[in-house]
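Peer 1: Please see the structure below; I have some questions.
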Amino acid sequence: MNLRRFVRGIACSGLAAAFALTLSPLQASAADAAAGKTIYTTNCVSCHGESGKGDGPVGAALTPKPRDLSAGDFKFDTDKDGKAGTDADLAGVIKGGAAAYGGSPLMAPWPMLSDEDVANIVAHIRTLKQ
């Protein structure tokens, strides 16, 4: 009986250790809004504007106008989890473009951005909400 408990304890602690190892990279790569602002400034400001209101110099000439990111109102559920506008949804639109989800083809896809860069951009976008 004691041997069984010992073996179970080792198995459970092994599973716990494996689970902890899978979480560690996620926790270590928390999104960085400051880094996201740098990428946003380089790639997104021309359409969405400095404060995210959709009033960038290029955005002023577009129809439809770019989304006002400062409103914090996002309509796509790219991961189909029943909740529109989650971080995963914003990342989906950034990577795949809005047209892939029924939105404007003017929001081009940015597949060349790394997942870390996209997460950082999303973190910055979250800071724009007024």
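Each chain in the structure tokens gets a letter, A, B, ..., in the order shown, and its residues are numbered from 1; ligands are numbered from 1 in order too.
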With a distance cut-off of 12 Å and only C-alpha atoms, select the neighbouring residues of range 47-54 of chain A, excluding the residue or stretch itself and same-chain residues fewer than 2 positions from it, and output the selection as an mmCIF file with C-alpha atoms, in the first residue's frame.

Peer 2:
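Once everything was written out, this is out.cif:
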data_model
loop_
_atom_site.group_PDB
_atom_site.id
_atom_site.type_symbol
_atom_site.label_atom_id
_atom_site.label_comp_id
_atom_site.auth_asym_id
_atom_site.auth_seq_id
_atom_site.Cartn_x
_atom_site.Cartn_y
_atom_site.Cartn_z
ATOM 1 C CA LYS A 37 3.997 50.817 -29.138
ATOM 2 C CA THR A 38 7.252 50.843 -31.106
ATOM 3 C CA ILE A 39 5.919 48.277 -33.580
ATOM 4 C CA TYR A 40 2.524 50.024 -33.715
ATOM 5 C CA THR A 41 4.230 53.349 -34.455
ATOM 6 C CA THR A 42 6.183 51.782 -37.308
ATOM 7 C CA ASN A 43 3.348 49.768 -38.871
ATOM 8 C CA CYS A 44 -0.059 50.987 -37.716
ATOM 9 C CA VAL A 45 0.011 54.733 -37.027
ATOM 10 C CA GLY A 56 -3.771 58.597 -39.251
ATOM 11 C CA PRO A 57 -2.648 60.457 -42.395
ATOM 12 C CA VAL A 58 -3.352 57.477 -44.662
ATOM 13 C CA GLY A 59 -6.483 56.526 -42.741
ATOM 14 C CA ALA A 60 -8.037 59.908 -43.516
ATOM 15 C CA ALA A 61 -8.161 58.965 -47.194
ATOM 16 C CA LEU A 62 -9.595 55.462 -46.672
ATOM 17 C CA THR A 63 -13.182 54.312 -47.035
ATOM 18 C CA PRO A 64 -14.159 52.669 -44.814
ATOM 19 C CA LYS A 65 -12.210 54.502 -42.135
ATOM 20 C CA PRO A 66 -9.844 52.432 -39.990
ATOM 21 C CA ARG A 67 -11.275 51.103 -36.750
ATOM 22 C CA ASP A 68 -11.136 53.463 -33.778
ATOM 23 C CA LEU A 69 -8.990 51.335 -31.486
ATOM 24 C CA SER A 70 -9.440 53.797 -28.624
ATOM 25 C CA ALA A 71 -13.117 52.802 -28.365
ATOM 26 C CA GLY A 72 -12.069 49.293 -27.314
ATOM 27 C CA ASP A 73 -14.976 47.901 -29.352
ATOM 28 C CA LEU A 106 -7.925 47.658 -46.242
ATOM 29 C CA MET A 107 -6.772 46.137 -42.927
ATOM 30 C CA ALA A 108 -3.995 44.113 -44.502
ATOM 31 C CA ILE A 121 0.952 45.243 -30.318
ATOM 32 C CA VAL A 122 -2.230 43.896 -28.729
ATOM 33 C CA HIS A 124 -0.334 48.457 -26.676
ATOM 34 C CA ILE A 125 -3.772 48.583 -28.320
ATOM 35 C CA ARG A 126 -5.304 47.780 -24.922
ATOM 36 C CA THR A 127 -3.628 50.921 -23.516
ATOM 37 C CA LEU A 128 -5.382 53.095 -26.126
ATOM 38 C CA LYS A 129 -8.890 52.551 -24.743
ATOM 39 C CA GLN A 130 -10.330 55.748 -23.332
#

Peer 1: Could you list, as a VMD selection string, every residue within 12 Å of Ala98 in chain A, counting only C-alpha atoms and ignoring same-chain residues fewer than 6 positions away?

Peer 2: chain A and resid 66 to 67 74 to 78 89 to 92 104 to 110

Peer 1: Smallest atom-to-atom distance to Thr86 in chain A: which of A:Ala100, A:Ala33, A:Leu113, A:Ala119, using only C-alpha atoms?

Peer 2: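 Among the listed residues, A:Ala119 lies closest to Thr86 in chain A.
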
Peer 1: Using only C-alpha atoms, can you tell me which of A:Lys83, A:Met112, A:Asp117, A:Ala123 comes closest to Gly97 in chain A?

Peer 2: A:Met112

Peer 1: Could you tell me how far CA of Ala30 in chain A sits from CA of Asp79 in chain A, in Å to one decimal place?

Peer 2: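 Here the two named atoms are 20.1 Å from each other.
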
Peer 1: Go ahead and compute the interatomic distance for CA of Ile94 in chain A and CA of Ser114 in chain A, in Å to one decimal.

Peer 2: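 Between CA of Ile94 in chain A and CA of Ser114 in chain A the gap is 10.8 Å.
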